[in-house]
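To keep things clear, I will list the structure first and then write my remarks on it.
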Amino acid sequence: MTINPTLARHGGIGILTASLLLGTGLGSPVPATAAAPECGAIAGAMQITADCIDPQYTKPVIDSETDETAPVAHHRIRGHFEGTNIQFTVYFHTKQDLSKWEGRFFQYTYPTAFTPEEDTSQADERAIGFALSSGGYAVQAGNKSLALGYRHTAAAAKFAETLAAKYYGSNRKISGYLYGPSGGSYQTIGATENSTGVWQGFVPMVQGVPQPTSYNFLGRSAAELILGDKSEQIRNALLPGGSGNPYAGLDAAEQAMLREVHALGIPWKGWEFPDYLLGRSDQYPNGLDSSAPLSFDPTYADDFWNAAGYLGTEDSPLGVRVRAELAKMGDTVDNRWNIANRFYYRYQTPPAGDGWVGLQQFLKADGTALYPQRPVKDPGFYGFVSGNTAFDGSINGKVIVVDNLYDTDALPLHADWYRKRVEASLGNAASDSYRIYYNDHADHQNAPVSGERAKHLVNWYGMAEQALRDVAAWAENGVKPPASTNYEISDAQVVVPDNAVARRGIQPTVDLTVQGKESATVKAGQSVKLTAKAQVPPGTGEVVKAEWDLDGDGVYENAPLTRIGNVVTVQTDASFDAPGTYLTALRISSERNGDATATFALAQNLDRAQIVVTPGG
């Protein structure tokens, strides 16, 4: 069974090429309408409108229609686009809950599946539950491998509206909201720059941008080579109660490497989990480096080790160190490429006017490149993922970017790069369509935090959900969302104020002290007082939950609140029987309406204090 997805936007159904005999009730043919125009392309990017037909996705096919009970009761429709490998799934309210639909949908997008079991055409439980509880139905499209660009998401969104109009028995205007993390942020930006009328709002999360090289990953790989055995030392200096001087105890080469990787914009905060920063965690089973020759630049390694101006021949502590590392590893072709590849970012330096703050350290005072430049640019993955999007900031619809300050994969600095493009494109009107929210104690991964990560990171997904609700209220009712996070760029780092009122955005802040300080030394069995002030940015909700992790193991226990409010104080007394160093944490959650029973759209943050316990007696 196939249906042409041409829509009379916001309610009408276009040309039926076949009847649906399923429970949606789409069994009666509808009179044919005038043929819609075919979507056109500009500079290789397909321009999708509400009414044009994408020639690649002309025949959606319904494969199944079922009533499901998990994660919540819903009506599910599965299908595919004939002649493609794209599948789609639509999740409606049950017939008993039709009144809960408020005329909108939420659509998650991501380009890849990492395991054979994953299927990017099916929403996860959280996405389904969030959409249905937020007055919307859920849509998702993809497959079990690669689903690039935004065209398939648009085709699925448009066809789902056809189904929704009939299923809900309504001709009301339907508003849609597209969101996706990392590679999904490429697709989301591709959609907002190259579509009109399909979606009304967008939430790119942990935003990726088309950087000159993958210099964030290369810089981290270079740091792994030079700083790998000093990672814990650097981490400890930056922890609460640490010395605050990460350079202490490093030799000249190590100091130079740390300065360079920091100036790339890789967050200092990333050293809290050095194994992830350096590509040594489970998320990077093959590390960050590569011994493979660069097919697009086959002479690079020879130049790196032999030509003047390259680090392999440089008369500097870092140059001496990389040559020593090659000797230690063994002077083979593979090892020459391995080390050379890590520093490729030095030789792809765009002009200062391009806005790449992290690469300006490789420019001379006159703006010319400090080092030799490679003639071939890294082809990158972003063009394929984003659908050849220009990334020029020409957004259509309302956009709220959700970005994280501990993110070493999609650098916080890069979201600022795109913000400046939006402001250049829209001028004074940018504030009418664009927000950016930075989250502290949050990194790139969107899975619920646990184990080592839970010691210093929060689950940031609730803040993305609140952004989706805010963007919907903005697009549908003109309700302006909270102001963007107030931040500045200092030495290639995104820096935010400590106070929630000054910081703005939507994340609460926490200030935890032990005996009134950041750290304290006590004897085993001695009681200490922990005090925290939690604060929510004005107009963004109330603190509804607090949790203690007293021994710093990443496992939290509920801390009953004496009151719910936009500013709360949490206190407790603690003692420790065993000597050691404890990083005690308090995690708090806020909710826009002060609902302590809420499941979705919780904004979290945490703070830690160091307690050094010495033997008693």
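Just so we're on the same page: first chain in the structure tokens is A, next is B, and so on; residues restart at 1 for each chain, and ligands are numbered from 1 in the order they show up.
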Got a sec to tell me which of range 439-516 of chain A DSSP assigns to strand (DSSP E or B), as a ChimeraX atom specification? /A:439,488-490,493-495,509-514
Would you kindly return, as a ChimeraX atom specification, each protein, DNA or RNA residue with an atom no farther than 10 Å from any atom of Asp432 in chain A, considering only C-alpha atoms and excluding same-chain residues fewer than 5 positions away? /A:397-399,426,474,478,480-481
For a quick check of understanding, using only C-alpha atoms, which of A:Ala546, A:Val528, A:Ile86, A:Val261 has the smallest distance to Phe576 in chain A?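 For Phe576 in chain A, the nearest of the given residues is A:Val528.
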Of the listed residues A:Tyr406, A:Phe391, A:Phe202, A:Tyr150, that which approaches Arg419 in chain A most closely, counting only C-alpha atoms: A:Phe391
May I have all residues of range 313-422 of chain A that DSSP, computed from the backbone, assigns to helix (DSSP H, G or I), given as a PyMOL selection string? chain A and resi 313+317-329+333-342+344-347+352-354+357-362+382-386+412-422
Give me, as JSON lines, each residue of range 166-252 of chain A that comes within 10 Å of range 314-322 of chain A, together with its shortest interatomic pair and the distance in Å at one decimal, counting only C-alpha atoms, with rows ordered by chain and rising residue number.
```
{"residue": "A:Ala222", "atom": "CA", "partner": "A:Val322", "partner_atom": "CA", "distance": 9.7}
{"residue": "A:Leu225", "atom": "CA", "partner": "A:Val322", "partner_atom": "CA", "distance": 8.5}
{"residue": "A:Ile226", "atom": "CA", "partner": "A:Arg321", "partner_atom": "CA", "distance": 7.8}
{"residue": "A:Asp251", "atom": "CA", "partner": "A:Pro317", "partner_atom": "CA", "distance": 8.7}
{"residue": "A:Ala252", "atom": "CA", "partner": "A:Pro317", "partner_atom": "CA", "distance": 6.0}
```
Env of range 107-117 of chain A: 10 Å cut, atoms = only C-alpha atoms, seq-sep filter 5 positions within chain, self excluded. Answer as a ChimeraX atom specification. /A:90,122-124,127-128,131,136-150,152-154,156-157,176-188,199,202-204,384-386
Given only C-alpha atoms as the counted atoms, nearest of A:Ala352, A:Ala340, A:Cys39, A:Leu294 to Leu311 in chain A: A:Ala340
Identify, on the basis of only C-alpha atoms, every residue whose closest approach to Leu405 in chain A does not exceed 9 Å; exclude the query and any residue fewer than 6 positions from it along the same chain; express the result as JSON, numbers by chain. {"A": [267, 269, 270, 411, 412, 438, 439, 440, 441, 442, 443, 494, 495]}
Could you write out that same residue set with N, CA, C and O atoms as a PDB file, in the first residue's frame?
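To be explicit, this is the file written out as selection.pdb:
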```pdb
ATOM      1  N   PRO A 267      37.922  21.589  26.132  1.00  0.00           N
ATOM      2  CA  PRO A 267      37.657  22.118  27.472  1.00  0.00           C
ATOM      3  C   PRO A 267      38.617  21.581  28.538  1.00  0.00           C
ATOM      4  O   PRO A 267      38.926  20.385  28.576  1.00  0.00           O
ATOM      5  N   LYS A 269      37.663  21.231  31.388  1.00  0.00           N
ATOM      6  CA  LYS A 269      36.781  20.364  32.161  1.00  0.00           C
ATOM      7  C   LYS A 269      36.874  18.911  31.708  1.00  0.00           C
ATOM      8  O   LYS A 269      36.556  17.989  32.471  1.00  0.00           O
ATOM      9  N   GLY A 270      37.304  18.677  30.465  1.00  0.00           N
ATOM     10  CA  GLY A 270      37.411  17.317  29.963  1.00  0.00           C
ATOM     11  C   GLY A 270      38.415  16.474  30.711  1.00  0.00           C
ATOM     12  O   GLY A 270      38.347  15.239  30.667  1.00  0.00           O
ATOM     13  N   LEU A 411      33.019  20.559  20.319  1.00  0.00           N
ATOM     14  CA  LEU A 411      33.544  21.544  21.261  1.00  0.00           C
ATOM     15  C   LEU A 411      32.540  22.657  21.537  1.00  0.00           C
ATOM     16  O   LEU A 411      31.850  23.132  20.616  1.00  0.00           O
ATOM     17  N   PRO A 412      32.447  23.101  22.789  1.00  0.00           N
ATOM     18  CA  PRO A 412      31.582  24.241  23.102  1.00  0.00           C
ATOM     19  C   PRO A 412      31.877  25.456  22.228  1.00  0.00           C
ATOM     20  O   PRO A 412      30.974  26.207  21.861  1.00  0.00           O
ATOM     21  N   TYR A 438      24.024  26.660  27.215  1.00  0.00           N
ATOM     22  CA  TYR A 438      25.169  25.836  27.609  1.00  0.00           C
ATOM     23  C   TYR A 438      24.872  25.169  28.949  1.00  0.00           C
ATOM     24  O   TYR A 438      24.334  25.796  29.862  1.00  0.00           O
ATOM     25  N   ASN A 439      25.261  23.902  29.058  1.00  0.00           N
ATOM     26  CA  ASN A 439      25.073  23.140  30.292  1.00  0.00           C
ATOM     27  C   ASN A 439      26.418  22.777  30.897  1.00  0.00           C
ATOM     28  O   ASN A 439      27.304  22.261  30.203  1.00  0.00           O
ATOM     29  N   ASP A 440      26.560  23.031  32.184  1.00  0.00           N
ATOM     30  CA  ASP A 440      27.756  22.635  32.919  1.00  0.00           C
ATOM     31  C   ASP A 440      27.599  21.206  33.411  1.00  0.00           C
ATOM     32  O   ASP A 440      26.485  20.683  33.518  1.00  0.00           O
ATOM     33  N   HIS A 441      28.725  20.561  33.696  1.00  0.00           N
ATOM     34  CA  HIS A 441      28.742  19.174  34.159  1.00  0.00           C
ATOM     35  C   HIS A 441      27.957  18.251  33.212  1.00  0.00           C
ATOM     36  O   HIS A 441      27.201  17.370  33.632  1.00  0.00           O
ATOM     37  N   ALA A 442      28.143  18.467  31.913  1.00  0.00           N
ATOM     38  CA  ALA A 442      27.510  17.631  30.897  1.00  0.00           C
ATOM     39  C   ALA A 442      28.476  17.497  29.729  1.00  0.00           C
ATOM     40  O   ALA A 442      29.143  18.463  29.352  1.00  0.00           O
ATOM     41  N   ASP A 443      28.558  16.276  29.163  1.00  0.00           N
ATOM     42  CA  ASP A 443      29.473  16.061  28.043  1.00  0.00           C
ATOM     43  C   ASP A 443      28.705  15.621  26.809  1.00  0.00           C
ATOM     44  O   ASP A 443      27.527  15.950  26.653  1.00  0.00           O
ATOM     45  N   VAL A 494      34.868  28.419  26.523  1.00  0.00           N
ATOM     46  CA  VAL A 494      33.574  29.021  26.816  1.00  0.00           C
ATOM     47  C   VAL A 494      33.442  29.112  28.331  1.00  0.00           C
ATOM     48  O   VAL A 494      33.445  28.085  29.025  1.00  0.00           O
ATOM     49  N   VAL A 495      33.329  30.328  28.843  1.00  0.00           N
ATOM     50  CA  VAL A 495      33.320  30.566  30.286  1.00  0.00           C
ATOM     51  C   VAL A 495      31.975  31.181  30.666  1.00  0.00           C
ATOM     52  O   VAL A 495      31.534  32.155  30.044  1.00  0.00           O
TER      53      VAL A 495
END
```
Long-range neighbours of range 353-359 of chain A as number ranges by chain, 12 Å cut-off, only C-alpha atoms, 3 positions minimum in chain: A: 209-216, 219, 259-267, 344-350, 362-364, 367-371, 392, 411-421, 424, 489-494
Name the residues in contact with Leu512 in chain A at a cut-off of 12 Å, using only C-alpha atoms, excluding same-chain residues fewer than 5 positions from it; report them as a JSON list (two decimals) with N, CA, C and O atoms, in the first residue's frame.
```json
[["chain", "number", "residue", "atom", "x", "y", "z"],
["A", 240, "PRO", "N", 38.20, 19.92, 42.42],
["A", 240, "PRO", "CA", 37.95, 20.74, 43.60],
["A", 240, "PRO", "C", 38.96, 20.41, 44.70],
["A", 240, "PRO", "O", 39.20, 19.23, 45.00],
["A", 498, "ASP", "N", 29.26, 31.94, 37.57],
["A", 498, "ASP", "CA", 28.91, 30.92, 38.55],
["A", 498, "ASP", "C", 27.46, 31.05, 39.02],
["A", 498, "ASP", "O", 26.84, 30.06, 39.41],
["A", 517, "LYS", "N", 34.18, 26.05, 52.87],
["A", 517, "LYS", "CA", 35.26, 26.15, 51.88],
["A", 517, "LYS", "C", 35.09, 25.07, 50.81],
["A", 517, "LYS", "O", 34.24, 24.19, 50.91],
["A", 518, "GLU", "N", 35.96, 25.15, 49.80],
["A", 518, "GLU", "CA", 35.93, 24.16, 48.71],
["A", 518, "GLU", "C", 36.46, 22.82, 49.16],
["A", 518, "GLU", "O", 36.12, 21.78, 48.61],
["A", 519, "SER", "N", 37.33, 22.82, 50.18],
["A", 519, "SER", "CA", 37.91, 21.58, 50.66],
["A", 519, "SER", "C", 38.18, 21.69, 52.16],
["A", 519, "SER", "O", 38.26, 22.79, 52.71],
["A", 529, "LYS", "N", 30.27, 19.74, 58.20],
["A", 529, "LYS", "CA", 29.00, 20.28, 57.71],
["A", 529, "LYS", "C", 29.15, 20.62, 56.23],
["A", 529, "LYS", "O", 30.07, 21.33, 55.83],
["A", 530, "LEU", "N", 28.23, 20.10, 55.44],
["A", 530, "LEU", "CA", 28.16, 20.38, 54.01],
["A", 530, "LEU", "C", 26.96, 21.29, 53.76],
["A", 530, "LEU", "O", 25.84, 21.00, 54.22],
["A", 531, "THR", "N", 27.21, 22.39, 53.05],
["A", 531, "THR", "CA", 26.15, 23.35, 52.76],
["A", 531, "THR", "C", 26.17, 23.68, 51.28],
["A", 531, "THR", "O", 27.24, 23.93, 50.71],
["A", 532, "ALA", "N", 25.00, 23.68, 50.67],
["A", 532, "ALA", "CA", 24.90, 24.00, 49.25],
["A", 532, "ALA", "C", 23.77, 24.99, 49.01],
["A", 532, "ALA", "O", 22.70, 24.89, 49.63],
["A", 533, "LYS", "N", 24.02, 25.91, 48.11],
["A", 533, "LYS", "CA", 22.99, 26.82, 47.63],
["A", 533, "LYS", "C", 22.69, 26.46, 46.18],
["A", 533, "LYS", "O", 23.59, 26.47, 45.34],
["A", 534, "ALA", "N", 21.44, 26.13, 45.90],
["A", 534, "ALA", "CA", 21.01, 25.82, 44.54],
["A", 534, "ALA", "C", 20.10, 26.93, 44.06],
["A", 534, "ALA", "O", 19.21, 27.39, 44.79],
["A", 535, "GLN", "N", 20.30, 27.34, 42.82],
["A", 535, "GLN", "CA", 19.58, 28.50, 42.29],
["A", 535, "GLN", "C", 19.19, 28.24, 40.85],
["A", 535, "GLN", "O", 19.95, 27.65, 40.07],
["A", 548, "TRP", "N", 22.43, 13.45, 47.40],
["A", 548, "TRP", "CA", 23.82, 13.44, 47.89],
["A", 548, "TRP", "C", 24.58, 12.22, 47.38],
["A", 548, "TRP", "O", 24.03, 11.12, 47.33],
["A", 550, "LEU", "N", 27.80, 11.27, 49.02],
["A", 550, "LEU", "CA", 28.73, 11.69, 50.07],
["A", 550, "LEU", "C", 30.12, 11.09, 49.91],
["A", 550, "LEU", "O", 31.13, 11.76, 50.18],
["A", 569, "THR", "N", 18.48, 26.03, 49.97],
["A", 569, "THR", "CA", 19.70, 25.66, 50.67],
["A", 569, "THR", "C", 19.57, 24.23, 51.15],
["A", 569, "THR", "O", 18.53, 23.84, 51.70],
["A", 570, "VAL", "N", 20.61, 23.44, 50.95],
["A", 570, "VAL", "CA", 20.63, 22.04, 51.35],
["A", 570, "VAL", "C", 21.82, 21.83, 52.26],
["A", 570, "VAL", "O", 22.95, 22.25, 51.93],
["A", 571, "GLN", "N", 21.60, 21.23, 53.41],
["A", 571, "GLN", "CA", 22.67, 21.00, 54.37],
["A", 571, "GLN", "C", 22.64, 19.57, 54.88],
["A", 571, "GLN", "O", 21.59, 18.93, 54.92],
["A", 572, "THR", "N", 23.80, 19.09, 55.29],
["A", 572, "THR", "CA", 23.87, 17.81, 55.98],
["A", 572, "THR", "C", 25.19, 17.74, 56.72],
["A", 572, "THR", "O", 26.14, 18.48, 56.41],
["A", 583, "LEU", "N", 35.45, 13.09, 47.12],
["A", 583, "LEU", "CA", 34.85, 14.18, 46.36],
["A", 583, "LEU", "C", 33.34, 14.07, 46.51],
["A", 583, "LEU", "O", 32.67, 13.38, 45.74],
["A", 584, "THR", "N", 32.83, 14.71, 47.54],
["A", 584, "THR", "CA", 31.41, 14.66, 47.84],
["A", 584, "THR", "C", 30.65, 15.53, 46.85],
["A", 584, "THR", "O", 31.08, 16.64, 46.53],
["A", 585, "ALA", "N", 29.51, 15.04, 46.38],
["A", 585, "ALA", "CA", 28.73, 15.77, 45.37],
["A", 585, "ALA", "C", 27.30, 15.96, 45.83],
["A", 585, "ALA", "O", 26.74, 15.11, 46.55],
["A", 586, "LEU", "N", 26.71, 17.07, 45.40],
["A", 586, "LEU", "CA", 25.26, 17.28, 45.52],
["A", 586, "LEU", "C", 24.72, 17.53, 44.13],
["A", 586, "LEU", "O", 25.20, 18.42, 43.42],
["A", 587, "ARG", "N", 23.74, 16.73, 43.74],
["A", 587, "ARG", "CA", 23.08, 16.88, 42.44],
["A", 587, "ARG", "C", 21.67, 17.40, 42.66],
["A", 587, "ARG", "O", 20.95, 16.89, 43.51],
["A", 588, "ILE", "N", 21.29, 18.41, 41.92],
["A", 588, "ILE", "CA", 19.95, 18.97, 42.07],
["A", 588, "ILE", "C", 19.23, 18.96, 40.72],
["A", 588, "ILE", "O", 19.86, 18.95, 39.65],
["A", 605, "ASN", "N", 22.10, 19.81, 37.60],
["A", 605, "ASN", "CA", 23.48, 20.28, 37.75],
["A", 605, "ASN", "C", 24.00, 19.69, 39.05],
["A", 605, "ASN", "O", 23.23, 19.13, 39.86],
["A", 606, "LEU", "N", 25.30, 19.80, 39.27],
["A", 606, "LEU", "CA", 25.89, 19.33, 40.51],
["A", 606, "LEU", "C", 27.12, 20.15, 40.85],
["A", 606, "LEU", "O", 27.63, 20.92, 40.03],
["A", 607, "ASP", "N", 27.56, 20.01, 42.08],
["A", 607, "ASP", "CA", 28.82, 20.60, 42.51],
["A", 607, "ASP", "C", 29.47, 19.64, 43.49],
["A", 607, "ASP", "O", 28.79, 18.78, 44.08],
["A", 608, "ARG", "N", 30.79, 19.78, 43.63],
["A", 608, "ARG", "CA", 31.53, 18.88, 44.50],
["A", 608, "ARG", "C", 32.45, 19.65, 45.44],
["A", 608, "ARG", "O", 32.87, 20.78, 45.14],
["A", 609, "ALA", "N", 32.76, 19.02, 46.54],
["A", 609, "ALA", "CA", 33.73, 19.56, 47.50],
["A", 609, "ALA", "C", 34.66, 18.42, 47.91],
["A", 609, "ALA", "O", 34.24, 17.25, 47.98],
["A", 610, "GLN", "N", 35.90, 18.75, 48.19],
["A", 610, "GLN", "CA", 36.89, 17.74, 48.55],
["A", 610, "GLN", "C", 37.01, 17.62, 50.07],
["A", 610, "GLN", "O", 37.17, 18.63, 50.77],
["A", 611, "ILE", "N", 36.95, 16.40, 50.55],
["A", 611, "ILE", "CA", 37.15, 16.13, 51.98],
["A", 611, "ILE", "C", 38.30, 15.14, 52.12],
["A", 611, "ILE", "O", 38.21, 14.00, 51.64]]
```
